[in-house]
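This report refers to the structure that appears directly beneath it.
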Amino acid sequence: MRKIRYAFSLVEHVGEKSLPLVKVGDRVLRGELIGDTKGRGAKIHSSRNGVVVDITPTHIYIDVDEGDLEKKDYLKIKECDSLWETALEAGIIGAGGGGFPTHLKLKEKKVSALFINAAQCEPNFFHNVETLKNLDTLHNVLWGSVFTAQAVEAEKIYFCIKGIYSKIIKKIKTYMEDKREFQKIEILELEDLYPVGEERALINRATDSWIPSHELPHMHNSLVLNVETVKNLYMAVKYRKPLMEKDITLIGNFKNRARIKTYLGIDIGLPLKAIAGDSSELSKTLEYPLGEFLEGGANTGKSSSLEEVYIEKISGGGVFTLPFPQFRGKLGLLVCACGGDEKRLREIGGKMSSEIVGVQHCKNIGERGKCETPGKCPGQAEAVLKLKKSGAMRVLVSTCTDCTNTVMRAAIPMDMGVYHSTDHIYRTFDYPITRDREEEKCQ
Ligand code: SF4
C-alpha cells in the first residue's frame, strides 16, 4: 500500500520546543501523544495511525498508509476538571498564526471581556468564514465561546467579524436569537482593512483605547482567541479530541480549478502537495508563470518550496502568485511591524532585480517590535524623505493600508514610485492593492 510521509513540527508554537516521546520504528495511533513539553509549550499528537521513520531537532516524521486516511476514530485525551487543562491535554495553540499555547492564556487570570477573532485578517483567506457558514461548526464555535467565557468568568463576548460578511452575520444573529446562553455575545463589525484583526486593534474597536505594545490583553482584563481555536476547545471539551486538524485556504489561478479553495479539517502533518499536487503538475495547469509559492497570507506569509510544506497547527494556507514586478533601479524599504519584515522586503526587492539602498522602519514600532496602534498611521513623510536622501528612486513598503496611503501622499510629489509587498499577491486574485491611489510608474 502507498505510504504518505507526514511531518509533525516540534517548534511551531510560541515557547519551549516539544520533545519527542517516540522513537524511530514505533507504531503510533491517531490521537496518540508523540511530543510533549516540560515548560511553556504544547503537546503534539499524531493525526494518523502510522510508523515513526525519522526524528530531527524540529520534526517527527511518520509514514501513514494511504488506506488509513479515512479513519475517524482516535485516542481521546483524559478527562479534565478545567478548560485550561483540557487545552493543555489537547495541545491547543492559537490557530490564527500566533501559535501561543492556549492553556497559558486561559490560566492567566479572570477577564471581563472575551474577543472571538473571526476577522480573517488576510484578504481572501476564507476558511474561518466557511466554518461559520456551516450550522454544525457555527454551533461548535458559539458554544465554544460560551464555555470559554464561563471558564474565564467573562461578562461580555465580542464576536469580531468583518462587516462585509453581512449574510453570515445575519445567520449568526438568527442562530443566537432567543437563546439565553448567547445573550453575552455581541457582534462587533470590522472594516475590511489590514490589520483589523490584530488583537489590540480588536480591543481598540470595542473600547476606543489602545493597549501599549509591550503589554498583553490579559493585563487589561481581555482575552482574544481565534475563532478556530474556540472551535478546537469545543471539540476537546465535548469529544475529548486532541488537536489533529486545521482549516486552510489555497489561492491560485489554475485551468479548470476554482481560484480560491477552502479546506476544512485537514490533517496536521499532511504534506501540502497531497492536497495541491506537486510543483511539476501545478506548473502545467497554472495560468501564469509562478512568481512564488507564498506559505501563509499576503501580508505575513513567507516564500516556500511547496515540496517542503506540511500542515501545522498554525497553517493558514498559501498563494501561488503572479510573477514579481521588475524594477532595475535603486529601491528603499519601509518596514511595518504587522506586515513583511526587513528580511521579506529584501527578498522581494531581490526578486524585483532592484538595488536596495536604504531601510526605514515605521516609527510606530514599539520596543518589543510590535506596533503601538495597528492600522492607525503616525505619518510616513519623514521615512520616505530619508529613503529619498539615501538615493532611492522608488520605495517598497509592507505598511498597513492607512500608512501606505500616507506613503503615497509623500512619495508621489517627490516623483518616487511605490510598491507594496502584497502587490503581486493581491493581483493574483484581483483584490484591490494596498493603497487608494495607483500610479502608472508603480506597476
Ligand atoms: S502604524 Fe506602522 S507599524 Fe503599525 S500597522 Fe501601520 S505601518 Fe505597521
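Simple scheme: letters A, B, ... for chains in C-alpha cells order, numbers from 1 for residues in each chain, numbers from 1 for ligands in the order shown.
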Report as a PDB file with N, CA and C atoms, in the first residue's frame which protein, DNA and RNA residues come within 9 Å of ligand 1, using only C-alpha atoms and all ligand atoms.
```
ATOM      1  N   TYR A 194      -6.423  45.846   6.427  1.00  0.00           N
ATOM      2  CA  TYR A 194      -5.354  45.155   7.139  1.00  0.00           C
ATOM      3  C   TYR A 194      -4.641  46.153   8.040  1.00  0.00           C
ATOM      4  N   PRO A 195      -4.337  45.855   9.305  1.00  0.00           N
ATOM      5  CA  PRO A 195      -4.514  44.618  10.065  1.00  0.00           C
ATOM      6  C   PRO A 195      -5.644  44.723  11.093  1.00  0.00           C
ATOM      7  N   LEU A 334      10.528  50.273   3.415  1.00  0.00           N
ATOM      8  CA  LEU A 334       9.857  50.778   4.625  1.00  0.00           C
ATOM      9  C   LEU A 334       9.125  49.606   5.276  1.00  0.00           C
ATOM     10  N   VAL A 335       9.567  49.257   6.491  1.00  0.00           N
ATOM     11  CA  VAL A 335       9.135  48.022   7.156  1.00  0.00           C
ATOM     12  C   VAL A 335       8.044  48.303   8.187  1.00  0.00           C
ATOM     13  N   CYS A 336       7.034  47.433   8.216  1.00  0.00           N
ATOM     14  CA  CYS A 336       5.919  47.515   9.186  1.00  0.00           C
ATOM     15  C   CYS A 336       6.034  46.366  10.181  1.00  0.00           C
ATOM     16  N   ALA A 337       5.512  46.568  11.406  1.00  0.00           N
ATOM     17  CA  ALA A 337       5.559  45.500  12.410  1.00  0.00           C
ATOM     18  C   ALA A 337       4.516  44.420  12.139  1.00  0.00           C
ATOM     19  N   CYS A 338       3.470  44.756  11.395  1.00  0.00           N
ATOM     20  CA  CYS A 338       2.371  43.805  11.188  1.00  0.00           C
ATOM     21  C   CYS A 338       2.413  43.162   9.808  1.00  0.00           C
ATOM     22  N   GLY A 339       3.323  43.627   8.936  1.00  0.00           N
ATOM     23  CA  GLY A 339       3.429  43.050   7.591  1.00  0.00           C
ATOM     24  C   GLY A 339       4.788  42.404   7.405  1.00  0.00           C
ATOM     25  N   HIS A 361      12.164  51.869   9.280  1.00  0.00           N
ATOM     26  CA  HIS A 361      11.108  51.130   9.975  1.00  0.00           C
ATOM     27  C   HIS A 361      10.027  52.126  10.400  1.00  0.00           C
ATOM     28  N   CYS A 362       8.778  51.717  10.337  1.00  0.00           N
ATOM     29  CA  CYS A 362       7.697  52.606  10.764  1.00  0.00           C
ATOM     30  C   CYS A 362       7.957  53.075  12.194  1.00  0.00           C
ATOM     31  N   LYS A 363       7.778  54.369  12.447  1.00  0.00           N
ATOM     32  CA  LYS A 363       8.107  54.891  13.794  1.00  0.00           C
ATOM     33  C   LYS A 363       7.098  54.435  14.848  1.00  0.00           C
ATOM     34  N   ASN A 364       6.035  53.767  14.416  1.00  0.00           N
ATOM     35  CA  ASN A 364       5.042  53.268  15.373  1.00  0.00           C
ATOM     36  C   ASN A 364       5.447  51.933  16.007  1.00  0.00           C
ATOM     37  N   ILE A 365       6.591  51.372  15.581  1.00  0.00           N
ATOM     38  CA  ILE A 365       7.015  50.077  16.134  1.00  0.00           C
ATOM     39  C   ILE A 365       7.597  50.308  17.529  1.00  0.00           C
ATOM     40  N   GLY A 366       7.010  49.633  18.531  1.00  0.00           N
ATOM     41  CA  GLY A 366       7.431  49.806  19.926  1.00  0.00           C
ATOM     42  C   GLY A 366       8.646  48.962  20.275  1.00  0.00           C
ATOM     43  N   GLY A 369       8.994  45.300  19.306  1.00  0.00           N
ATOM     44  CA  GLY A 369       8.836  45.006  17.872  1.00  0.00           C
ATOM     45  C   GLY A 369       7.393  44.964  17.417  1.00  0.00           C
ATOM     46  N   LYS A 370       6.464  45.416  18.289  1.00  0.00           N
ATOM     47  CA  LYS A 370       5.048  45.428  17.902  1.00  0.00           C
ATOM     48  C   LYS A 370       4.596  46.849  17.629  1.00  0.00           C
ATOM     49  N   CYS A 371       3.547  46.975  16.824  1.00  0.00           N
ATOM     50  CA  CYS A 371       3.014  48.299  16.506  1.00  0.00           C
ATOM     51  C   CYS A 371       2.235  48.851  17.707  1.00  0.00           C
ATOM     52  N   GLU A 372       2.358  50.159  17.948  1.00  0.00           N
ATOM     53  CA  GLU A 372       1.629  50.779  19.070  1.00  0.00           C
ATOM     54  C   GLU A 372       0.136  50.886  18.778  1.00  0.00           C
ATOM     55  N   THR A 373      -0.233  51.194  17.526  1.00  0.00           N
ATOM     56  CA  THR A 373      -1.647  51.370  17.173  1.00  0.00           C
ATOM     57  C   THR A 373      -1.903  50.747  15.797  1.00  0.00           C
ATOM     58  N   PRO A 374      -1.984  49.419  15.730  1.00  0.00           N
ATOM     59  CA  PRO A 374      -2.058  48.767  14.420  1.00  0.00           C
ATOM     60  C   PRO A 374      -3.154  49.335  13.518  1.00  0.00           C
ATOM     61  N   GLY A 375      -2.737  49.770  12.332  1.00  0.00           N
ATOM     62  CA  GLY A 375      -3.707  50.272  11.355  1.00  0.00           C
ATOM     63  C   GLY A 375      -3.956  51.756  11.430  1.00  0.00           C
ATOM     64  N   LYS A 376      -3.351  52.439  12.431  1.00  0.00           N
ATOM     65  CA  LYS A 376      -3.525  53.901  12.554  1.00  0.00           C
ATOM     66  C   LYS A 376      -2.178  54.553  12.306  1.00  0.00           C
ATOM     67  N   CYS A 377      -2.079  55.278  11.219  1.00  0.00           N
ATOM     68  CA  CYS A 377      -0.778  55.765  10.752  1.00  0.00           C
ATOM     69  C   CYS A 377      -0.234  56.933  11.578  1.00  0.00           C
ATOM     70  N   PRO A 378       1.055  56.871  11.939  1.00  0.00           N
ATOM     71  CA  PRO A 378       1.678  58.003  12.650  1.00  0.00           C
ATOM     72  C   PRO A 378       2.237  59.037  11.666  1.00  0.00           C
ATOM     73  N   GLY A 379       2.114  58.807  10.356  1.00  0.00           N
ATOM     74  CA  GLY A 379       2.709  59.714   9.352  1.00  0.00           C
ATOM     75  C   GLY A 379       4.017  59.121   8.846  1.00  0.00           C
ATOM     76  N   GLN A 380       4.189  59.067   7.513  1.00  0.00           N
ATOM     77  CA  GLN A 380       5.373  58.390   6.965  1.00  0.00           C
ATOM     78  C   GLN A 380       6.246  59.317   6.128  1.00  0.00           C
ATOM     79  N   VAL A 397       7.164  48.940   0.338  1.00  0.00           N
ATOM     80  CA  VAL A 397       6.682  49.027   1.723  1.00  0.00           C
ATOM     81  C   VAL A 397       5.895  47.763   2.074  1.00  0.00           C
ATOM     82  N   SER A 398       5.818  47.502   3.402  1.00  0.00           N
ATOM     83  CA  SER A 398       4.938  46.417   3.865  1.00  0.00           C
ATOM     84  C   SER A 398       3.915  47.010   4.838  1.00  0.00           C
ATOM     85  N   THR A 399       3.714  48.311   4.748  1.00  0.00           N
ATOM     86  CA  THR A 399       2.914  49.055   5.721  1.00  0.00           C
ATOM     87  C   THR A 399       1.413  48.737   5.636  1.00  0.00           C
ATOM     88  N   CYS A 400       0.688  49.090   6.729  1.00  0.00           N
ATOM     89  CA  CYS A 400      -0.765  48.892   6.767  1.00  0.00           C
ATOM     90  C   CYS A 400      -1.432  49.831   5.737  1.00  0.00           C
ATOM     91  N   THR A 401      -2.714  49.626   5.498  1.00  0.00           N
ATOM     92  CA  THR A 401      -3.414  50.405   4.476  1.00  0.00           C
ATOM     93  C   THR A 401      -3.314  51.914   4.762  1.00  0.00           C
ATOM     94  N   ASP A 402      -3.569  52.301   6.015  1.00  0.00           N
ATOM     95  CA  ASP A 402      -3.561  53.714   6.386  1.00  0.00           C
ATOM     96  C   ASP A 402      -2.182  54.329   6.119  1.00  0.00           C
ATOM     97  N   CYS A 403      -1.125  53.620   6.541  1.00  0.00           N
ATOM     98  CA  CYS A 403       0.240  54.144   6.362  1.00  0.00           C
ATOM     99  C   CYS A 403       0.619  54.176   4.888  1.00  0.00           C
ATOM    100  N   THR A 404       0.187  53.187   4.115  1.00  0.00           N
ATOM    101  CA  THR A 404       0.573  53.153   2.703  1.00  0.00           C
ATOM    102  C   THR A 404      -0.023  54.355   1.977  1.00  0.00           C
TER     103      THR A 404
END
```
Subject >> Residues within 7 Å of range 101-107 of chain A, only C-alpha atoms, excluding chain neighbours under 2 positions, as a PyMOL selection string >> reply: chain A and resi 13-14+41-42+84-85+87-88+92-94+99+109+152
For N, CA and C atoms, I'd like the residues from the last selection saved as a compact mmCIF listing (two decimals), in the first residue's frame.
```txt
# COMPACT_ATOMS: atom_id res chain seq x y z
N HIS A 13 4.94 26.33 17.88
CA HIS A 13 4.27 27.18 18.87
C HIS A 13 5.24 28.16 19.51
N VAL A 14 4.68 29.17 20.17
CA VAL A 14 5.48 30.09 20.97
C VAL A 14 5.89 29.36 22.24
N GLY A 41 5.01 25.22 26.54
CA GLY A 41 4.97 24.76 25.16
C GLY A 41 3.66 24.06 24.88
N ALA A 42 3.69 23.08 23.96
CA ALA A 42 2.44 22.40 23.59
C ALA A 42 2.68 20.91 23.34
N TRP A 84 -8.53 25.08 31.00
CA TRP A 84 -7.11 25.26 30.69
C TRP A 84 -6.40 23.92 30.63
N GLU A 85 -6.79 22.98 31.52
CA GLU A 85 -6.17 21.64 31.49
C GLU A 85 -6.56 20.90 30.21
N ALA A 87 -7.26 22.29 27.36
CA ALA A 87 -6.48 22.89 26.26
C ALA A 87 -5.05 22.35 26.27
N LEU A 88 -4.50 22.20 27.48
CA LEU A 88 -3.13 21.66 27.60
C LEU A 88 -3.07 20.23 27.07
N ILE A 92 -3.71 22.47 22.29
CA ILE A 92 -4.29 23.58 21.51
C ILE A 92 -3.39 24.82 21.61
N ILE A 93 -3.09 25.38 20.42
CA ILE A 93 -2.37 26.65 20.36
C ILE A 93 -3.15 27.59 19.44
N GLY A 94 -2.81 28.88 19.45
CA GLY A 94 -3.54 29.87 18.66
C GLY A 94 -3.56 29.50 17.18
N GLY A 99 0.22 31.05 17.40
CA GLY A 99 0.79 29.82 17.97
C GLY A 99 1.05 29.90 19.46
N LYS A 109 -5.53 34.66 34.21
CA LYS A 109 -6.40 35.16 35.28
C LYS A 109 -7.77 35.41 34.68
N VAL A 152 -13.34 31.72 32.06
CA VAL A 152 -12.53 32.90 32.45
C VAL A 152 -13.40 33.98 33.10
```
Subject >> Atomic distance CA of Glu12 in chain A - CA of Asp54 in chain A, expressed in Å with one decimal >> reply: 17.9 Å
Original post:
Residues of range 195-257 of chain A in alpha helix (DSSP H) according to DSSP, as a ChimeraX atom specification?
Top reply: /A:199-207,227-239
Would you save the residues from that selection as a JSON list (two decimals), in the first residue's frame, using N, CA and C atoms?
```json
[["chain", "number", "residue", "atom", "x", "y", "z"],
["A", 199, "GLU", "N", -4.82, 41.74, 17.62],
["A", 199, "GLU", "CA", -5.63, 41.65, 18.84],
["A", 199, "GLU", "C", -5.83, 43.00, 19.55],
["A", 200, "ARG", "N", -4.81, 43.86, 19.51],
["A", 200, "ARG", "CA", -5.01, 45.16, 20.15],
["A", 200, "ARG", "C", -5.92, 46.07, 19.33],
["A", 201, "ALA", "N", -5.92, 45.85, 17.99],
["A", 201, "ALA", "CA", -6.85, 46.62, 17.14],
["A", 201, "ALA", "C", -8.29, 46.22, 17.44],
["A", 202, "LEU", "N", -8.52, 44.92, 17.73],
["A", 202, "LEU", "CA", -9.88, 44.47, 18.07],
["A", 202, "LEU", "C", -10.35, 45.11, 19.38],
["A", 203, "ILE", "N", -9.45, 45.11, 20.35],
["A", 203, "ILE", "CA", -9.82, 45.67, 21.66],
["A", 203, "ILE", "C", -10.08, 47.18, 21.52],
["A", 204, "ASN", "N", -9.26, 47.83, 20.69],
["A", 204, "ASN", "CA", -9.47, 49.26, 20.45],
["A", 204, "ASN", "C", -10.84, 49.51, 19.82],
["A", 205, "ARG", "N", -11.24, 48.62, 18.95],
["A", 205, "ARG", "CA", -12.54, 48.77, 18.26],
["A", 205, "ARG", "C", -13.69, 48.74, 19.27],
["A", 206, "ALA", "N", -13.53, 47.94, 20.34],
["A", 206, "ALA", "CA", -14.60, 47.82, 21.34],
["A", 206, "ALA", "C", -14.51, 48.89, 22.43],
["A", 207, "THR", "N", -13.28, 49.29, 22.77],
["A", 207, "THR", "CA", -13.11, 50.15, 23.94],
["A", 207, "THR", "C", -12.67, 51.57, 23.60],
["A", 227, "VAL", "N", -11.21, 32.28, 16.18],
["A", 227, "VAL", "CA", -12.46, 31.53, 16.08],
["A", 227, "VAL", "C", -12.20, 30.02, 15.93],
["A", 228, "GLU", "N", -11.12, 29.66, 15.23],
["A", 228, "GLU", "CA", -10.81, 28.23, 15.07],
["A", 228, "GLU", "C", -10.28, 27.64, 16.38],
["A", 229, "THR", "N", -9.60, 28.44, 17.16],
["A", 229, "THR", "CA", -9.11, 27.98, 18.46],
["A", 229, "THR", "C", -10.30, 27.63, 19.35],
["A", 230, "VAL", "N", -11.33, 28.47, 19.30],
["A", 230, "VAL", "CA", -12.52, 28.24, 20.12],
["A", 230, "VAL", "C", -13.24, 26.97, 19.66],
["A", 231, "LYS", "N", -13.28, 26.77, 18.36],
["A", 231, "LYS", "CA", -13.88, 25.54, 17.82],
["A", 231, "LYS", "C", -13.09, 24.33, 18.34],
["A", 232, "ASN", "N", -11.76, 24.44, 18.35],
["A", 232, "ASN", "CA", -10.92, 23.33, 18.82],
["A", 232, "ASN", "C", -11.15, 23.07, 20.31],
["A", 233, "LEU", "N", -11.36, 24.14, 21.08],
["A", 233, "LEU", "CA", -11.66, 23.98, 22.51],
["A", 233, "LEU", "C", -12.96, 23.20, 22.69],
["A", 234, "TYR", "N", -13.96, 23.56, 21.88],
["A", 234, "TYR", "CA", -15.26, 22.87, 21.96],
["A", 234, "TYR", "C", -15.07, 21.36, 21.71],
["A", 235, "MET", "N", -14.31, 21.02, 20.65],
["A", 235, "MET", "CA", -14.11, 19.61, 20.30],
["A", 235, "MET", "C", -13.35, 18.88, 21.41],
["A", 236, "ALA", "N", -12.44, 19.58, 22.07],
["A", 236, "ALA", "CA", -11.66, 18.96, 23.14],
["A", 236, "ALA", "C", -12.53, 18.71, 24.38],
["A", 237, "VAL", "N", -13.44, 19.66, 24.66],
["A", 237, "VAL", "CA", -14.31, 19.52, 25.84],
["A", 237, "VAL", "C", -15.37, 18.46, 25.56],
["A", 238, "LYS", "N", -16.02, 18.58, 24.43],
["A", 238, "LYS", "CA", -17.19, 17.76, 24.13],
["A", 238, "LYS", "C", -16.82, 16.32, 23.73],
["A", 239, "TYR", "N", -15.76, 16.20, 22.94],
["A", 239, "TYR", "CA", -15.41, 14.87, 22.39],
["A", 239, "TYR", "C", -14.03, 14.38, 22.84]]
```
**OP:** Tell me which protein, DNA and RNA residues are within 10 Å of Pro323 in chain A, counting only C-alpha atoms, leaving out same-chain ones fewer than 2 positions away, and put them as a ChimeraX atom specification.
**Re:** /A:288-292,320-321,325-326,351-352,424-425,427-428
Taking only C-alpha atoms into account, produce a table as JSON lines in which each residue of range 17-135 of chain A with an atom at most 12 Å from an atom of range 429-435 of chain A appears once, together with its shortest atom pair and the distance in Å to one decimal, ordered by chain and rising number.
```
{"residue": "A:Glu122", "atom": "CA", "partner": "A:Tyr431", "partner_atom": "CA", "distance": 11.2}
{"residue": "A:Pro123", "atom": "CA", "partner": "A:Tyr431", "partner_atom": "CA", "distance": 7.8}
{"residue": "A:Asn124", "atom": "CA", "partner": "A:Phe429", "partner_atom": "CA", "distance": 8.0}
{"residue": "A:Phe125", "atom": "CA", "partner": "A:Phe429", "partner_atom": "CA", "distance": 11.0}
```
Using the selection just defined, write its residues with N, CA and C atoms as a short mmCIF file (atom, residue, chain, number, x, y, z; two decimals), in the first residue's frame.
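And here's again.cif as it stands now:
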```cif
data_model
loop_
_atom_site.label_atom_id
_atom_site.label_comp_id
_atom_site.auth_asym_id
_atom_site.auth_seq_id
_atom_site.Cartn_x
_atom_site.Cartn_y
_atom_site.Cartn_z
N GLU A 122 -6.16 38.36 6.77
CA GLU A 122 -5.51 38.29 5.46
C GLU A 122 -6.57 38.20 4.36
N PRO A 123 -6.59 39.17 3.44
CA PRO A 123 -7.62 39.15 2.40
C PRO A 123 -7.63 37.84 1.61
N ASN A 124 -8.83 37.40 1.32
CA ASN A 124 -9.08 36.20 0.52
C ASN A 124 -8.68 34.89 1.18
N PHE A 125 -8.41 34.92 2.48
CA PHE A 125 -8.41 33.69 3.25
C PHE A 125 -9.83 33.55 3.78
#
```
**OP:** Name the residues in contact with Ser9 in chain A at a cut-off of 7 Å, using only C-alpha atoms, excluding same-chain residues fewer than 5 positions from it; report them as a ChimeraX atom specification.
**Re:** /A:58-60,312
Original post:
Hey, which of A:Lys170, A:His420, A:Arg30, A:His220 ends up closest to Lys72 in chain A? Count only C-alpha atoms.
Top reply: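 Of all the options, A:Arg30 lies closest to Lys72 in chain A.
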